[in-house]
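Input: a single structure, listed below in C-alpha cells.
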Amino acid sequence: MNSLKQLPVAGLVLLLAACQQPQAATPPPPLPQVTVSQPVAREVVEWDEFTGRIEAVDSVEIRARVSGYLQSVHFTDGAIVEKGALLFVIDPRPYQAELDRAKAALEQAMARYERTQKDLARAQQLVRSRAISQEELDTRSADRREAEESVQAARAAFEAARLNVEFTEVKAPISGRISRQLVTEGNLINGGTAQATLLTTIVSLDPIYGYFEVDERSYLKYTRLWRNGTRPGSRGVKIPVTLGLANETGFPHQGHLDFIDNRLDPNTGTMTGRAIFPNPNLPLVPGLFARIRLPGSGRYGTLLIPDEAIGTDQTQRFAFVVNDQNTVEYRRVELGPIIGGLRVIRDGLKPEEWVIVNGVQRVRAGAMVDPRKQAILHDRALSTSVAAVAKP
C-alpha cells in the first residue's frame, strides 16, 4: 500500500487503464487442406479371374507295338523332338527273318497261281475239242481260285511281317518335348498289348491349353449377358482370354476360349472351361498353375475414382464431395471392381462433382475445407480395361 502511494499519479492511471482493456481474440484455426478431383469417365470391360492349370494339347505315351529286346535309344532326355524322329530300336532280326519267310511264301503262292492260271487256259481250249471233260475243267478252275486266295493270304502275311519290322523302330508320333527314357538298352520289351511297356512320354508345347473351373454364379452371369446381347456367347465366338504365371506381372499371354463343358460338376458346382494360347518361345509348360481371366461384362460407360477416396461406415461405402461453398457433403456410393488401378463407381456420384481423394480422414460431413483441385491421372484408368478385377 505504501508502494502504491509512492507511484506518480500518471503511472497509476495507465495501470488502471491496462487492467480494464479487453484481451485480443484468438484467431480461428486454418481450414483443413484436401485434394479434390472429378471422377474419370471411361468405357470399360470387367474381367473375371480364375485359377487354372496348363496342359498340353497333345500328350502321348510311347509304347512298343512289338515285343523284343531294346537295342538302342536315339534321343536325349528332355529334348525337343520332331514328329517322325527315331526314338528306340528293338532288335529287328527275328522280325526280319519272319519277313523273309513271308516273302518266300508269297512268291511261292504267286508261282502256283501262275501255273493254275495256265492250266485253266489250256483246259478251256481242250474242253472245246472234247479232249477233257467238263469235270476236269471245273477242277482246274477251282485250283486257280484256290491259288488266288493263297496269294492273298500270303500277301497279308507278308504285309504283317513287314509292319512288324517297321514297328521295331519306335518313332515320335507328334512334335514336342520328350521325357526321360524309362527303359534302358538290353531290357526285354513287351509290346502290342494293353500291358505294353511304357518307354517314355511326349507332350506338345505350341499351342498349349489352359484349363480352369467356372463357378455356378459366374456361369449364370455369362448366360444372362449372352441372352441380353451384352456379350457374345462363348460357344460361337472366340472370346479373348489372358493368362499370367505365378512369377509374372499382369496377364501377358493372349489366347481365346475354345471349349466349355456340357454340364456342371454336381460335386464341386463348377464347369470346366478351356482356352488355347500360342506358345512360340515355350514359356508355358504343362502342369504349371496359372491365373486366367476372361471378360465378365460387356463394354459400358462408368465413373472411376482412386480407391483411397472411398470410406467405410459400418457396412456402407461412401465418398466425400466438396460443393461450391467448400463444404463437405456425404455421398453413399455403390462400388464396382478395380480397373486400371481405379475403382468403378456404379452409383452415387456425378461426373461434375469434386471428390476428396486425399485427406478423407481429416474431414467430416458439413465441415468447411480448403480444396486443392487436381486431375486424376488418366493412365491409371485404362479405356480398354485390361487390368485384373478386384471384387468390392
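Ordering of the C-alpha cells sets the chain letters (A, B, ...), residue numbers begin anew at 1 in every chain, and ligands are numbered from 1 in the order given.
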
**Request:** Just the residues within 8 Å of Asp58 of chain A, please, counting only C-alpha atoms, with nothing from its chain fewer than 2 positions along; format it as a PyMOL selection string.
**Result:** chain A and resi 56+60+174+203-204

How would the residues just chosen look if you wrote them out with N, CA and C atoms as a compact mmCIF listing (two decimals), in the first residue's frame?
```
# COMPACT_ATOMS: atom_id res chain seq x y z
N ALA A 56 -1.01 -79.83 -71.98
CA ALA A 56 -0.61 -79.97 -73.37
C ALA A 56 -1.83 -80.26 -74.25
N VAL A 60 1.26 -88.00 -75.45
CA VAL A 60 1.33 -89.37 -75.95
C VAL A 60 2.25 -90.20 -75.06
N ILE A 174 4.27 -87.33 -82.49
CA ILE A 174 3.98 -85.89 -82.50
C ILE A 174 5.28 -85.15 -82.24
N VAL A 203 4.93 -84.55 -74.86
CA VAL A 203 3.85 -83.56 -74.79
C VAL A 203 4.13 -82.46 -75.79
N SER A 204 3.08 -82.00 -76.47
CA SER A 204 3.22 -80.87 -77.38
C SER A 204 3.24 -79.58 -76.57
```

**Message:** To test your reading of the structure, identify every residue in segment 104-243 of chain A that backbone DSSP assigns to strand (DSSP E), and report it as a VMD selection string.
**Reply:** chain A and resid 169 to 171 176 to 178 188 to 189 198 to 203 208 to 215 240 to 243

**Message:** Measuring between only C-alpha atoms, which one of A:Leu86, A:Val81, A:Ala275, A:Ala97 shows the shortest distance to Asp261 of chain A?
**Reply:**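 For Asp261 of chain A, the nearest of the given residues is A:Ala275.
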
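Closest approach to Lys103 of chain A among A:Ala156, A:Ile208, A:Glu135, A:Arg115: A:Ala156, based on only C-alpha atoms.
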
**Asked** Between atom CA of Val344 of chain A and atom CA of Arg317 of chain A, what is the spacing in Å?
**Response**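 Value for the atom CA of Arg317 of chain A-atom CA of Val344 of chain A distance: 12.6 Å.
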
**Prompt:** If you run DSSP on this backbone, which residues of segment 109-332 of chain A come out as helix (DSSP H, G or I), and could you give them as JSON, numbers by chain?
**Reply:** {"A": [109, 110, 111, 112, 113, 114, 115, 116, 117, 118, 119, 120, 121, 122, 123, 124, 125, 126, 127, 128, 134, 135, 136, 137, 138, 139, 140, 141, 142, 143, 144, 145, 146, 147, 148, 149, 150, 151, 152, 153, 154, 155, 156, 157, 158, 159, 160, 161, 162, 163, 164, 165, 166, 167, 216, 217, 218, 219, 220, 221, 222, 223, 224, 225, 226, 227, 228, 307, 308, 309]}

**Request:** Would you kindly return, as an NGL selection string, each protein, DNA or RNA residue with an atom no farther than 9 Å from any atom of Ile62 of chain A, considering only C-alpha atoms and excluding same-chain residues fewer than 3 positions away?
**Result:** :A and (170-173 or 197-202)

**Request:** Rank nothing, just name the residue among A:Val322, A:Ile132, A:Ala111, A:Val165 nearest to Ser150 of chain A, using only C-alpha atoms.
**Result:**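 Closest residue, counting only C-alpha atoms: A:Ala111.
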
**Pick from A:Val183, A:Ala85, A:Ile276, A:Leu304, whichever lies nearest to Leu70 of chain A using only C-alpha atoms** = A:Val183

**Request:** Just the residues within 9 Å of Gln117 of chain A, please, counting only C-alpha atoms, with nothing from its chain fewer than 5 positions along; format it as a VMD selection string.
**Result:** chain A and resid 112 122 140 to 141 143 to 145 147

**Request:** Could you give me, as a PyMOL selection string, the residues within 8 Å of Arg332 of chain A, counting only C-alpha atoms and dropping anything in the same chain fewer than 6 positions from it?
**Result:** chain A and resi 316-319+348

Export, as a CSV table (one decimal), in the first residue's frame, the selected residues with N, CA and C atoms.
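Result saved to part_32.csv:
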```
chain,number,residue,atom,x,y,z
A,316,GLN,N,-21.6,-49.6,-45.0
A,316,GLN,CA,-21.8,-48.7,-46.1
A,316,GLN,C,-20.5,-48.2,-46.6
A,317,ARG,N,-20.4,-47.9,-47.9
A,317,ARG,CA,-19.3,-47.3,-48.6
A,317,ARG,C,-19.7,-45.9,-49.0
A,318,PHE,N,-18.8,-44.9,-48.8
A,318,PHE,CA,-19.1,-43.5,-49.1
A,318,PHE,C,-17.9,-42.8,-49.6
A,319,ALA,N,-18.2,-41.6,-50.2
A,319,ALA,CA,-17.2,-40.7,-50.6
A,319,ALA,C,-17.6,-39.3,-50.2
A,348,GLY,N,-24.0,-43.1,-57.2
A,348,GLY,CA,-23.7,-42.3,-56.1
A,348,GLY,C,-23.0,-41.0,-56.4
```

**Message:** Under the rule that only C-alpha atoms are counted, which of A:Ala142, A:Leu220, A:Val241, A:Ala365 is the nearest residue to Thr270 of chain A?
**Reply:**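 Under the stated criterion, the closest residue is A:Leu220.
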
**Item:** Option closest in space to Gly244 of chain A, from A:Lys221, A:Phe277, A:Arg177, A:Asp258 [counting only C-alpha atoms]
**Value:** A:Phe277

**Prompt:** So which residues touch segment 266-268 of chain A within 12 Å, counting only C-alpha atoms, skipping near sequence neighbours fewer than 5 positions away, as a ChimeraX atom specification?
**Reply:** /A:213-216
